[in-house]
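Worksheet: the structure to be examined is printed underneath.
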Amino acid sequence: MNPDAVVIAVLVAAALAITLGVALGWAASRIEPDADSLVVRIDALLPQTQCGQCRYPGCRPYAAAIASGAAEIDRCPPGGEVTVRALAALLDRSPRSPDPAFGATKPAQVAWIDEAKCIGCARCLPACPVDAIVGAPRQMHTVITTQCTGCELCLPPCPVDCIELRPAPALSRRQRQPRAA
Amino acid sequence: MAVRSRFPAGLALDAHKQQACGTQIVELPLPAHLVLALDQGTGYSAEPVVAVGEAVATGTLVARTGHPFASAVHAPLAGIVVAIEAREAAVEGGRSVCIVIEGNGSDRIDDSVRPVKDPASLGPEELVRRLRDAGIAGLGGAGFPASTKLASARNLGAHTLVLNGAECEPWICCDDALMRSAASDVVLGALILRRAAGAVRCVIAIEEDKPAAIAAVTGAIDGLRDDAVTLAVVPAVYPQGAERQLITTVAGVEVPSGGLPADAGVICQNVATAAAVARWATRGEPMLSRVVTVTGSGVGHPGNVRAPIGTPLAALIAASGGYRGTPLRLIAGGSMTGRALPSDEVGLTKSMNCVLVATRDDIGSRLGAVELPCIRCGDCANSCPAGLLPQQLLRAALADAHDTLRQLGVHDCIECGLCDYVCPSQIPLADRFREAKRRLQEAEAMTKKAADARERHELRQRRLQEAATIEQETFESVRGRARRPGVDSTGDSN
Amino acid sequence: MRFDTSPAPHVIAGYTVPRVMFQVLFALVPAGVAHVVLFGPGLLLQLSVACVTALLAEAVALRWRGRDAVPALKDGSVLVTAFLLAFSIPPLLPWWLGALGTALAVLLGKHVFGGLGQNPFNPAMVGYAILLVSFPAEMTRWPVPMDVDGTRTWSELARLSFAGFYGADLTARWDGYTGATALDSIRSGLDLRYTLPELLGREDIAGTPGARGFAWINLAALAGGLYLMLRRIVRWHIPVAVLGGLLVPSFIAHGLDSGNALGPAMQAFSGATMLAAFFIATDPVSAATSDRGRLWYGAGIGLIAWIIRTWGDYPDGFAFAVLLMNLAVPFIDRYTVPRIYGRQP
């Protein structure tokens with residue numbers, strides 16, 4: 001083989017490697033994803049139950065942990081398979097099942113206060129992450145069903161166990177369909 | 001004037017109209033009791049204004065409308081309210097609160113039932129209000145309150161009233177019978193509706209396979225000497241009578257996706273609704289009855305019957321010669337979009353234009369269907385009157401791919417059932433799309449709820465933060481004040 | 001009284017997949033008759049081995065996949081694959097090659113993708129293409145068809161067909177009875193710097209029923225295709241586009257260079273043109289979705305087939321043209337979504 005050809009080939013390959021390496025390095029620094037916007041996008045996929053079952057104090061902190069790589073995407077029982085799949089798609093990871101160590105996925109639920117048993121201690125009010133319980137000391141409390149996320153955080157503080165979780169009412173209502181007549 | 005179909009595709013179907021069509025409209029004698037559903041077929045309920053045990057006269061308001069999509073309900077029968085309870089009904093979900101009235105033999109008529117002296121003297125707004133109070137609902141199959149449509153048509157400046165007499169769905173012929181026997185009522189109602197909608201023009205559209213109705217309506221229009229009321233003879237292609245498709249054929253405009261007909265300057269009402277408006281104007285009668293086709297191989301004497309709203313279907317069928325053979329399905333509506341009812345105890349609703357008692361002869365093709373995989377033959381796309389690609393929609397529906405579903409126009413699907421009808425793989429497409437829409441809506445509601453929860457949570461975090469800051473500041477200021485006089489506190493070690 | 005509450009619609013046309021498939025098989029009958037009359041019973045031998053193999057392969061694949069085999073075998077789709085492959089391969093092919101091609105068509109062309117409705121490629125063409133690139137000699141050896149002057153009789157063709165089917169060495173006893181197709185011979189002739197009129201004037205290429213044999217089969221396939229269009233099983237878009245994509249460029253090229261480029265009539269009635277236009281390209285599973293997309297898809301097939309026939313090394317290009325356009329289907333579908341009612345274009 002012509003020794004010149006070998007030299008030329010090596011030179012060309014080296015030049016290519018250097019040019020592409022520089023270009024890729026520059027691109028990586030330029031196009032690096034904005035960490036904040038990533039957190040927002042992850043947060044948008046979380047169910048906002050604010051239940052803390054992922055061991056983070058709410059959905060947003062968990063989103064930040066996912067974005068920084070500190071937590072896996074399988075820690076959200078309320079979101080279940082759907083959320084894991086959506087997160088996997090967003091982050092380009094392989095989908096997996098929710099980790100049962102963080103709790104089981106249940107059907108949508110809302111808290112309901114047995115008003116006959118409630119003693120009006122008001123201890124459940126600060127526990128609610130979305131202010132969905134209304135009441136005052138020595139007054140009966142009640143849950144705003146449409147705002148309740150079913151996080152169960154109000155259960156432990158209640159001294160008389162008068163809160164129970166019930167299946168959430170259907171969110172959708174069938175739209176009127178045009179009919180052929 | 002004959003016009004061409006202008007919506008995409010469609011299909012000429014076996015009409016099955018001859019069974020019930022030949023006969024005159026029969027007046028049904030008042031049944032012993034009526035079951036008035038508060039949801040008259042729109043998915044929204046009126047609020048009862050009578051109590052159990054109360055006596056009502058014919059025409060007494062028993063439920064007033066609390067929602068623009070619900071229509072007021074009046075008692076078609078003088079008697080006693082014997083129950084107000086959830087019962088099986090011909091509505092979405094299969095149950096509705098119903099007011100049950102038992103006749104007491106009285107023929108007392110409510111004081112409110114008085115002929116309208118001069119409907120032409122009433123302003124559009126007053127007309128809309130009075131039609132709402134009279135419970136006038138669309139009789140074409142959706143049962144949507146006429147007043148709500150009229151009001152939005154006037155707000156959006158609709159110029160054309162299309163009166164839908166197409167009646168494209170197989171088996172149904174109540175509008176045909178009504179136009180043949182009461183064409184002058186249809187035209188009178190059309191004039192009132194046009195006035196209420198603030199429209200200029202009125203086009204009455206009839207499918208070409210109803211020559212007798214065309215002749216009757218032509219005669220009535222000729223007697224009117226009003227150039228702005230015309231007749232359009234449209235091709236007998238299913239789903240010609242679907243609101244959007246008919247508007248496109250008659251007015252040559254498309255209703256924007258996700259919009260209302262009024263956005264295209266058109267309002268559509270059924271011919272039977274117009275006739276009901278005429279009854280209200282001439283007799284003061286609120287919507288107490290409707291003409292309904294009772295047909296199918298499973299009924300003795302198919303025909304068209306004028307029956308009080310709330311008539312139990314069993315009574316309606318008994319008056320039409322009773323059951324014959326082995327009825328398998330009781331369908332409210334036609335064979336393409338009708339709802340199969342669980343029981344014949346349900347009451348007639350304003351939206352029920354047909355009671356189809358189907359035997360194996362009528363629905364055998366569906367009963368014997370075996371679902372096979374989609375072979376992408378495209379017959380569905382070539383018949384879809386909305387220009388959709390059902391085969392692609394099906395894939396997206398099975399994958400629950402919400403963005404793709406929206407993009408492919410699942411919300412533009414009118415659920416006419418043609419894709420099902422032609423599918424060689426016999427896939428129940430229409431039902432898959434109904435299910436997909438429901439899931440989509442649920443997902444959208446979930447997203448909205450999550451957004452609300454996020455906002456509330458963030459507000460709460462901010463509030464707690466602020467409270468903590470204020471507490472801190474208060475603490476500091478108190479401590480600062482304690483320190484400022486220069487008195488050394490023994491407890492203050494730092 | 002109580003009733004069942006199934007969802008609407010409550011009636012369907014009842015025009016089922018098996019009926020569609022058997023109509024397609026029925027429409028192939030004229031082409032089959034022409035084939036058997038002109039080339040001997042080889043087609044029937046190929047058909048029988050292809051059908052048996054296809055049904056077996058389908059049953060085995062469904063069993064592996066844990067599906068119920070009976071409804072899938074009854075839907076007739078696998079028989080259509082077997083028929084199309086048997087019509088495409090030479091009638092002299094040894095039976096094990098036919099069986100191999102069919103098994104590959106069903107297993108690699110269809111079931112690895114998930115069976116009926118899921119295959120991105122036309123299964124018959126997958127089998128054909130594998131055979132063509134693996135066994136080029138066997139795949140281009142056709143019998144010289146029946147002769148009007150009686151030098152070759154049908155009974156001789158029958159014996160030749162059986163010999164080929166059982167894999168006998170054809171060159172020893174049947175030399176002169178086998179040869180390339182007219183398209184193939186013309187290509188070799190053009191490569192040797194003969195001009196087209198010279199080649200067409202030659203007895204052994206176009207003057208004999210060799211070319212006319214394919215012309216008759218193409219005519220019969222055209223008749224079957226028109227029947228399918230009449231029965232609304234095949235819509236006009238794909239066949240017309242395939243023929244347009246093939247014939248328009250050949251018309252132009254022939255006009256520019258009549259010495260070297262085949263004219264449209266020759267193109268239309270040679271090789272697999274009509275079979276491809278009406279039966280192969282129209283397989284809905286692997287075709288584009290919308291009518292507009294199907295026009296592009298068909299035109300692409302016709303054009304690629306013309307390119308391969310004109311400049312390629314293979315005598316007939318339809319198998320590769322169909323497979324290449326199968327690949328382009330997702331792309332075509334993406335850009336040919338029909339306008340939805342009520343939406344801006």
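Residue numbering restarts at 1 for every chain of the structure tokens, chains are lettered A, B, ... in their displayed order, and ligands are numbered from 1 as they appear.
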Notebook entry, point to check: Using only C-alpha atoms, which residues sit within 7 Å of range 72-85 of chain A once same-chain residues fewer than 2 positions away are excluded, as a ChimeraX atom specification?
Noted result: /A:45-47,53-54,66,87-89,95-99,102-106
Using only C-alpha atoms, please write the residues we just selected to a file, as a CSV table (one decimal), in the first residue's frame.
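Wrote out-v3.csv, looks like this:
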chain,number,residue,atom,x,y,z
A,45,LEU,CA,-46.6,15.2,34.8
A,46,LEU,CA,-46.9,14.4,38.5
A,47,PRO,CA,-50.4,14.1,39.8
A,53,GLN,CA,-45.2,8.9,49.5
A,54,CYS,CA,-42.1,9.4,47.4
A,66,ILE,CA,-35.7,13.5,39.4
A,87,LEU,CA,-41.9,10.5,32.8
A,88,ALA,CA,-40.0,7.8,31.0
A,89,ALA,CA,-41.1,9.3,27.7
A,95,PRO,CA,-40.5,2.6,31.4
A,96,ARG,CA,-40.7,0.5,34.5
A,97,SER,CA,-43.4,-0.4,37.1
A,98,PRO,CA,-43.9,1.9,40.0
A,99,ASP,CA,-41.8,0.6,43.0
A,102,PHE,CA,-43.4,3.5,48.1
A,103,GLY,CA,-47.0,2.3,48.3
A,104,ALA,CA,-49.7,0.8,46.1
A,105,THR,CA,-51.6,2.6,43.3
A,106,LYS,CA,-55.2,3.0,44.3
Check: Contacts of Ser286 in chain C at 9 Å or less, counting only C-alpha atoms, minus same-chain residues fewer than 6 places along, as a PyMOL selection string?
Finding: (chain B and resi 375-376) or (chain C and resi 117-123+326-327+329)
Please, could you write that set of residues out with N, CA, C and O atoms as a compact mmCIF listing (two decimals), in the first residue's frame?
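Output file selection28.txt is given in full below:
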# COMPACT_ATOMS: atom_id res chain seq x y z
N ILE B 375 -57.26 -4.36 8.83
CA ILE B 375 -56.36 -4.59 7.70
C ILE B 375 -56.11 -3.29 6.94
O ILE B 375 -55.61 -3.31 5.83
N ARG B 376 -56.45 -2.18 7.55
CA ARG B 376 -56.20 -0.84 6.99
C ARG B 376 -56.79 -0.68 5.58
O ARG B 376 -56.22 0.02 4.74
N GLY C 117 -52.59 -7.52 9.60
CA GLY C 117 -52.83 -6.10 9.86
C GLY C 117 -51.64 -5.36 10.41
O GLY C 117 -51.66 -4.14 10.51
N GLN C 118 -50.58 -6.07 10.79
CA GLN C 118 -49.45 -5.40 11.44
C GLN C 118 -48.22 -5.33 10.55
O GLN C 118 -47.28 -4.61 10.88
N ASN C 119 -48.20 -6.08 9.45
CA ASN C 119 -46.97 -6.18 8.67
C ASN C 119 -46.72 -4.92 7.86
O ASN C 119 -47.58 -4.47 7.11
N PRO C 120 -45.52 -4.32 8.00
CA PRO C 120 -45.22 -3.13 7.21
C PRO C 120 -44.91 -3.45 5.75
O PRO C 120 -45.02 -2.59 4.89
N PHE C 121 -44.50 -4.72 5.47
CA PHE C 121 -44.15 -5.07 4.10
C PHE C 121 -45.17 -6.06 3.55
O PHE C 121 -45.79 -6.80 4.31
N ASN C 122 -45.28 -6.07 2.23
CA ASN C 122 -46.13 -7.04 1.59
C ASN C 122 -45.49 -8.42 1.77
O ASN C 122 -44.40 -8.66 1.26
N PRO C 123 -46.14 -9.34 2.50
CA PRO C 123 -45.48 -10.61 2.83
C PRO C 123 -45.04 -11.39 1.59
O PRO C 123 -43.93 -11.91 1.56
N ASN C 326 -43.28 0.37 0.54
CA ASN C 326 -43.79 -0.02 1.86
C ASN C 326 -43.03 0.74 2.94
O ASN C 326 -43.60 1.23 3.92
N LEU C 327 -41.72 0.85 2.72
CA LEU C 327 -40.88 1.58 3.69
C LEU C 327 -41.28 3.05 3.78
O LEU C 327 -41.16 3.66 4.83
N VAL C 329 -44.23 4.27 3.47
CA VAL C 329 -45.63 4.50 3.84
C VAL C 329 -45.80 5.42 5.06
O VAL C 329 -46.58 6.37 5.01
Next item on the list: Between CA of Ala215 in chain B and CA of Val162 in chain B, measure the distance and give it in Å to one decimal.
Entry: 18.3 Å
Margin query: Please check the contacts: residues of chain B at most 6 Å away from chain C, using only C-alpha atoms, listed as a list of chain:residue names.
Written below: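 Listed by rising number, the hits are B:Glu254, B:Val255, B:Pro256, B:Ser257, B:Arg329, B:Ser335, B:Met336, B:Thr337, B:Ala340, B:Leu341, B:Pro342, B:Ser343, B:Asp344, B:Ile363, B:Ser365, B:Arg366, B:Pro373, B:Cys374, B:Ile375, B:Arg376, B:Cys377, B:Ala386, B:Gly387, B:Leu388, B:Gly417, B:Tyr421, B:Val422, B:Pro424, B:Ser425.
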Item checked: Shortest interatomic distance to chain A - which of B:Thr230, B:Ser106, B:Thr249, B:Ser351, counting only C-alpha atoms -> B:Ser351
Next item on the list: Find the spatial neighbours of Glu164 in chain A, counting only C-alpha atoms, within a cut-off of 8 Å - ignore same-chain residues fewer than 2 positions away - and output them as a PyMOL selection string.
Entry: chain A and resi 111-114+155+161-162+166
Take the residues from that selection and write them out as a short mmCIF file (atom, residue, chain, number, x, y, z; two decimals), in the first residue's frame, keeping N, CA, C and O atoms.
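Below is the file that was written, again-v8.cif:
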data_model
loop_
_atom_site.label_atom_id
_atom_site.label_comp_id
_atom_site.auth_asym_id
_atom_site.auth_seq_id
_atom_site.Cartn_x
_atom_site.Cartn_y
_atom_site.Cartn_z
N ALA A 111 -61.08 12.39 50.53
CA ALA A 111 -61.36 12.24 51.96
C ALA A 111 -62.79 12.66 52.24
O ALA A 111 -63.37 13.51 51.55
N TRP A 112 -63.37 12.03 53.26
CA TRP A 112 -64.73 12.37 53.66
C TRP A 112 -64.76 12.36 55.19
O TRP A 112 -64.25 11.41 55.82
N ILE A 113 -65.29 13.42 55.78
CA ILE A 113 -65.32 13.51 57.23
C ILE A 113 -66.69 13.12 57.74
O ILE A 113 -67.71 13.65 57.27
N ASP A 114 -66.72 12.17 58.65
CA ASP A 114 -67.98 11.79 59.29
C ASP A 114 -68.33 12.90 60.26
O ASP A 114 -67.76 13.01 61.35
N LEU A 155 -55.33 11.76 57.68
CA LEU A 155 -55.75 10.63 58.51
C LEU A 155 -54.98 10.55 59.84
O LEU A 155 -55.60 10.47 60.91
N ASP A 161 -60.48 9.33 64.41
CA ASP A 161 -60.59 8.54 63.18
C ASP A 161 -61.93 8.75 62.47
O ASP A 161 -62.61 7.80 62.10
N CYS A 162 -62.29 10.00 62.31
CA CYS A 162 -63.58 10.27 61.66
C CYS A 162 -63.42 10.57 60.17
O CYS A 162 -64.39 10.89 59.50
N ARG A 166 -63.03 7.84 50.27
CA ARG A 166 -64.07 7.26 49.43
C ARG A 166 -63.68 7.40 47.97
O ARG A 166 -62.87 8.27 47.64
#
If the cut-off is 7 Å, can you tell me the residues of chain B near chain A, counting only C-alpha atoms? I'd like them as a JSON list (two decimals) with all heavy atoms, in the first residue's frame.
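Written out: out-v6.json:
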[["chain", "number", "residue", "atom", "x", "y", "z"],
["B", 42, "THR", "N", -80.32, 15.01, 27.27],
["B", 42, "THR", "CA", -79.13, 15.80, 26.99],
["B", 42, "THR", "C", -78.00, 15.50, 27.96],
["B", 42, "THR", "O", -76.88, 15.93, 27.76],
["B", 42, "THR", "CB", -79.42, 17.30, 27.10],
["B", 42, "THR", "OG1", -79.91, 17.57, 28.42],
["B", 42, "THR", "CG2", -80.44, 17.74, 26.09],
["B", 43, "GLY", "N", -78.30, 14.77, 29.05],
["B", 43, "GLY", "CA", -77.29, 14.52, 30.06],
["B", 43, "GLY", "C", -77.36, 15.54, 31.20],
["B", 43, "GLY", "O", -76.59, 15.46, 32.15],
["B", 140, "GLY", "N", -85.23, 16.29, 17.21],
["B", 140, "GLY", "CA", -84.55, 15.51, 16.18],
["B", 140, "GLY", "C", -83.76, 14.34, 16.72],
["B", 140, "GLY", "O", -83.32, 13.49, 15.97],
["B", 141, "GLY", "N", -83.52, 14.30, 18.02],
["B", 141, "GLY", "CA", -82.78, 13.17, 18.54],
["B", 141, "GLY", "C", -81.82, 13.54, 19.65],
["B", 141, "GLY", "O", -81.40, 12.70, 20.42],
["B", 142, "ALA", "N", -81.44, 14.82, 19.74],
["B", 142, "ALA", "CA", -80.51, 15.22, 20.79],
["B", 142, "ALA", "C", -81.24, 15.83, 21.98],
["B", 142, "ALA", "O", -80.73, 15.83, 23.10],
["B", 142, "ALA", "CB", -79.48, 16.19, 20.26],
["B", 167, "GLU", "N", -84.01, 13.55, 8.04],
["B", 167, "GLU", "CA", -84.36, 12.26, 8.63],
["B", 167, "GLU", "C", -83.69, 11.12, 7.89],
["B", 167, "GLU", "O", -84.32, 10.30, 7.22],
["B", 167, "GLU", "CB", -85.89, 12.07, 8.60],
["B", 167, "GLU", "CG", -86.34, 11.09, 9.65],
["B", 167, "GLU", "CD", -87.85, 11.12, 9.82],
["B", 167, "GLU", "OE1", -88.57, 11.07, 8.84],
["B", 167, "GLU", "OE2", -88.30, 11.24, 10.98],
["B", 168, "CYS", "N", -82.35, 11.09, 8.02],
["B", 168, "CYS", "CA", -81.57, 10.17, 7.21],
["B", 168, "CYS", "C", -81.43, 8.80, 7.85],
["B", 168, "CYS", "O", -81.06, 7.85, 7.19],
["B", 168, "CYS", "CB", -80.18, 10.74, 7.01],
["B", 168, "CYS", "SG", -79.31, 10.98, 8.57],
["B", 169, "GLU", "N", -81.69, 8.68, 9.14],
["B", 169, "GLU", "CA", -81.37, 7.43, 9.81],
["B", 169, "GLU", "C", -82.40, 6.35, 9.46],
["B", 169, "GLU", "O", -83.59, 6.60, 9.38],
["B", 169, "GLU", "CB", -81.30, 7.64, 11.32],
["B", 169, "GLU", "CG", -80.86, 6.37, 12.03],
["B", 169, "GLU", "CD", -80.12, 6.61, 13.32],
["B", 169, "GLU", "OE1", -79.79, 7.76, 13.63],
["B", 169, "GLU", "OE2", -79.89, 5.62, 14.02],
["B", 239, "PRO", "N", -74.92, 10.32, 6.75],
["B", 239, "PRO", "CA", -75.81, 11.01, 7.67],
["B", 239, "PRO", "C", -76.15, 12.43, 7.23],
["B", 239, "PRO", "O", -75.67, 13.41, 7.78],
["B", 239, "PRO", "CB", -74.99, 11.05, 8.96],
["B", 239, "PRO", "CG", -73.57, 11.19, 8.46],
["B", 239, "PRO", "CD", -73.52, 10.60, 7.07],
["B", 241, "GLY", "N", -78.76, 14.05, 7.74],
["B", 241, "GLY", "CA", -79.49, 14.81, 8.76],
["B", 241, "GLY", "C", -78.65, 15.20, 9.96],
["B", 241, "GLY", "O", -79.15, 15.85, 10.86],
["B", 242, "ALA", "N", -77.38, 14.79, 9.99],
["B", 242, "ALA", "CA", -76.52, 15.24, 11.08],
["B", 242, "ALA", "C", -76.32, 16.74, 10.91],
["B", 242, "ALA", "O", -76.09, 17.22, 9.80],
["B", 242, "ALA", "CB", -75.19, 14.51, 11.04],
["B", 243, "GLU", "N", -76.44, 17.46, 12.02],
["B", 243, "GLU", "CA", -76.51, 18.92, 11.97],
["B", 243, "GLU", "C", -75.42, 19.53, 11.07],
["B", 243, "GLU", "O", -75.70, 20.27, 10.14],
["B", 243, "GLU", "CB", -76.40, 19.45, 13.39],
["B", 243, "GLU", "CG", -76.60, 20.94, 13.48],
["B", 243, "GLU", "CD", -76.66, 21.38, 14.94],
["B", 243, "GLU", "OE1", -75.61, 21.45, 15.59],
["B", 243, "GLU", "OE2", -77.77, 21.65, 15.42],
["B", 414, "ILE", "N", -68.66, 12.38, 14.85],
["B", 414, "ILE", "CA", -70.05, 12.60, 15.23],
["B", 414, "ILE", "C", -70.73, 11.30, 15.63],
["B", 414, "ILE", "O", -71.93, 11.26, 15.84],
["B", 414, "ILE", "CB", -70.85, 13.30, 14.11],
["B", 414, "ILE", "CG1", -70.83, 12.44, 12.85],
["B", 414, "ILE", "CG2", -70.30, 14.68, 13.83],
["B", 414, "ILE", "CD1", -71.86, 12.87, 11.83],
["B", 416, "CYS", "N", -71.55, 8.67, 14.03],
["B", 416, "CYS", "CA", -72.66, 8.26, 13.16],
["B", 416, "CYS", "C", -72.67, 6.75, 12.97],
["B", 416, "CYS", "O", -73.68, 6.18, 12.58],
["B", 416, "CYS", "CB", -72.54, 8.95, 11.80],
["B", 416, "CYS", "SG", -71.14, 8.38, 10.83],
["B", 438, "ARG", "N", -64.30, 9.58, 26.23],
["B", 438, "ARG", "CA", -64.55, 9.61, 27.66],
["B", 438, "ARG", "C", -63.22, 9.62, 28.43],
["B", 438, "ARG", "O", -63.03, 10.41, 29.34],
["B", 438, "ARG", "CB", -65.39, 8.39, 28.06],
["B", 438, "ARG", "CG", -66.12, 8.54, 29.37],
["B", 438, "ARG", "CD", -66.78, 7.23, 29.77],
["B", 438, "ARG", "NE", -65.83, 6.12, 29.83],
["B", 438, "ARG", "CZ", -64.90, 5.98, 30.75],
["B", 438, "ARG", "NH1", -64.79, 6.89, 31.70],
["B", 438, "ARG", "NH2", -64.09, 4.95, 30.73],
["B", 441, "GLN", "N", -61.48, 12.96, 28.07],
["B", 441, "GLN", "CA", -62.11, 13.98, 28.90],
["B", 441, "GLN", "C", -61.70, 13.80, 30.36],
["B", 441, "GLN", "O", -61.43, 14.77, 31.07],
["B", 441, "GLN", "CB", -63.62, 13.84, 28.77],
["B", 441, "GLN", "CG", -64.34, 15.14, 28.87],
["B", 441, "GLN", "CD", -65.81, 14.91, 28.64],
["B", 441, "GLN", "OE1", -66.23, 13.83, 28.25],
["B", 441, "GLN", "NE2", -66.59, 15.92, 28.88],
["B", 442, "GLU", "N", -61.64, 12.53, 30.78],
["B", 442, "GLU", "CA", -61.25, 12.24, 32.14],
["B", 442, "GLU", "C", -59.82, 12.69, 32.39],
["B", 442, "GLU", "O", -59.51, 13.32, 33.40],
["B", 442, "GLU", "CB", -61.35, 10.72, 32.36],
["B", 442, "GLU", "CG", -61.76, 10.31, 33.73],
["B", 442, "GLU", "CD", -62.11, 8.84, 33.74],
["B", 442, "GLU", "OE1", -61.19, 8.00, 33.68],
["B", 442, "GLU", "OE2", -63.31, 8.55, 33.78],
["B", 445, "ALA", "N", -59.69, 16.36, 32.68],
["B", 445, "ALA", "CA", -60.18, 16.78, 33.99],
["B", 445, "ALA", "C", -59.12, 16.53, 35.07],
["B", 445, "ALA", "O", -58.92, 17.35, 35.97],
["B", 445, "ALA", "CB", -61.47, 16.04, 34.33],
["B", 450, "ALA", "N", -55.07, 18.49, 38.75],
["B", 450, "ALA", "CA", -53.68, 18.53, 39.22],
["B", 450, "ALA", "C", -53.17, 19.96, 39.20],
["B", 450, "ALA", "O", -52.48, 20.39, 40.14],
["B", 450, "ALA", "CB", -52.82, 17.63, 38.34],
["B", 453, "ALA", "N", -54.55, 21.72, 42.13],
["B", 453, "ALA", "CA", -53.91, 21.28, 43.36],
["B", 453, "ALA", "C", -52.53, 21.91, 43.49],
["B", 453, "ALA", "O", -52.12, 22.34, 44.57],
["B", 453, "ALA", "CB", -53.81, 19.75, 43.36],
["B", 454, "ARG", "N", -51.82, 22.00, 42.36],
["B", 454, "ARG", "CA", -50.48, 22.59, 42.38],
["B", 454, "ARG", "C", -50.57, 24.05, 42.83],
["B", 454, "ARG", "O", -49.83, 24.50, 43.70],
["B", 454, "ARG", "CB", -49.84, 22.51, 41.00],
["B", 454, "ARG", "CG", -48.44, 23.10, 40.96],
["B", 454, "ARG", "CD", -47.86, 23.09, 39.55],
["B", 454, "ARG", "NE", -47.81, 21.74, 39.02],
["B", 454, "ARG", "CZ", -48.48, 21.34, 37.95],
["B", 454, "ARG", "NH1", -49.27, 22.19, 37.31],
["B", 454, "ARG", "NH2", -48.39, 20.11, 37.52],
["B", 456, "ARG", "N", -52.94, 25.54, 44.53],
["B", 456, "ARG", "CA", -53.34, 25.66, 45.95],
["B", 456, "ARG", "C", -52.17, 25.33, 46.85],
["B", 456, "ARG", "O", -51.95, 25.97, 47.88],
["B", 456, "ARG", "CB", -54.52, 24.73, 46.24],
["B", 456, "ARG", "CG", -55.84, 25.24, 45.70],
["B", 456, "ARG", "CD", -56.95, 24.25, 45.93],
["B", 456, "ARG", "NE", -57.46, 24.29, 47.29],
["B", 456, "ARG", "CZ", -58.41, 25.10, 47.70],
["B", 456, "ARG", "NH1", -58.94, 25.96, 46.85],
["B", 456, "ARG", "NH2", -58.82, 25.07, 48.94],
["B", 457, "HIS", "N", -51.41, 24.31, 46.47],
["B", 457, "HIS", "CA", -50.27, 23.90, 47.27],
["B", 457, "HIS", "C", -49.23, 25.01, 47.31],
["B", 457, "HIS", "O", -48.69, 25.36, 48.35],
["B", 457, "HIS", "CB", -49.68, 22.62, 46.69],
["B", 457, "HIS", "CG", -48.54, 22.08, 47.48],
["B", 457, "HIS", "ND1", -48.69, 21.64, 48.77],
["B", 457, "HIS", "CD2", -47.22, 21.92, 47.17],
["B", 457, "HIS", "CE1", -47.51, 21.22, 49.22],
["B", 457, "HIS", "NE2", -46.61, 21.38, 48.27],
["B", 460, "ARG", "N", -50.35, 27.84, 49.43],
["B", 460, "ARG", "CA", -50.25, 27.47, 50.82],
["B", 460, "ARG", "C", -48.79, 27.56, 51.29],
["B", 460, "ARG", "O", -48.50, 28.12, 52.37],
["B", 460, "ARG", "CB", -50.76, 26.03, 50.99],
["B", 460, "ARG", "CG", -50.64, 25.47, 52.36],
["B", 460, "ARG", "CD", -50.97, 23.98, 52.30],
["B", 460, "ARG", "NE", -50.21, 23.26, 53.29],
["B", 460, "ARG", "CZ", -50.62, 23.09, 54.53],
["B", 460, "ARG", "NH1", -51.78, 23.58, 54.90],
["B", 460, "ARG", "NH2", -49.87, 22.44, 55.39]]
Residues of range 129-225 of chain B that have any atom at most 12 Å from an atom of range 48-60 of chain B: could you tabulate them with the shortest-distance atom pair and the distance in Å to one decimal, using only C-alpha atoms, ordered by chain and increasing number, as CSV?
residue,atom,partner,partner_atom,distance
B:Asp133,CA,B:Thr60,CA,11.3
B:Ala134,CA,B:Gly59,CA,9.2
B:Gly135,CA,B:Gly59,CA,10.7
Can I get the selected residues back with N, CA and C atoms, as a compact mmCIF listing (two decimals), in the first residue's frame?
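Dumped everything to part32.txt:
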# COMPACT_ATOMS: atom_id res chain seq x y z
N ASP B 133 -89.48 28.54 28.73
CA ASP B 133 -90.46 28.20 29.76
C ASP B 133 -91.41 27.11 29.28
N ALA B 134 -91.62 27.05 27.97
CA ALA B 134 -92.52 26.03 27.45
C ALA B 134 -91.81 24.69 27.29
N GLY B 135 -90.52 24.64 27.63
CA GLY B 135 -89.79 23.37 27.57
C GLY B 135 -89.59 22.86 26.15
Next item on the list: Enumerate as a VMD selection string all residues of range 18-166 of chain B assigned to alpha helix (DSSP H) by DSSP on the backbone, naming them with the chain letters and numbers the document uses.
Entry: chain B and resid 18 to 21 124 to 133 146 to 156
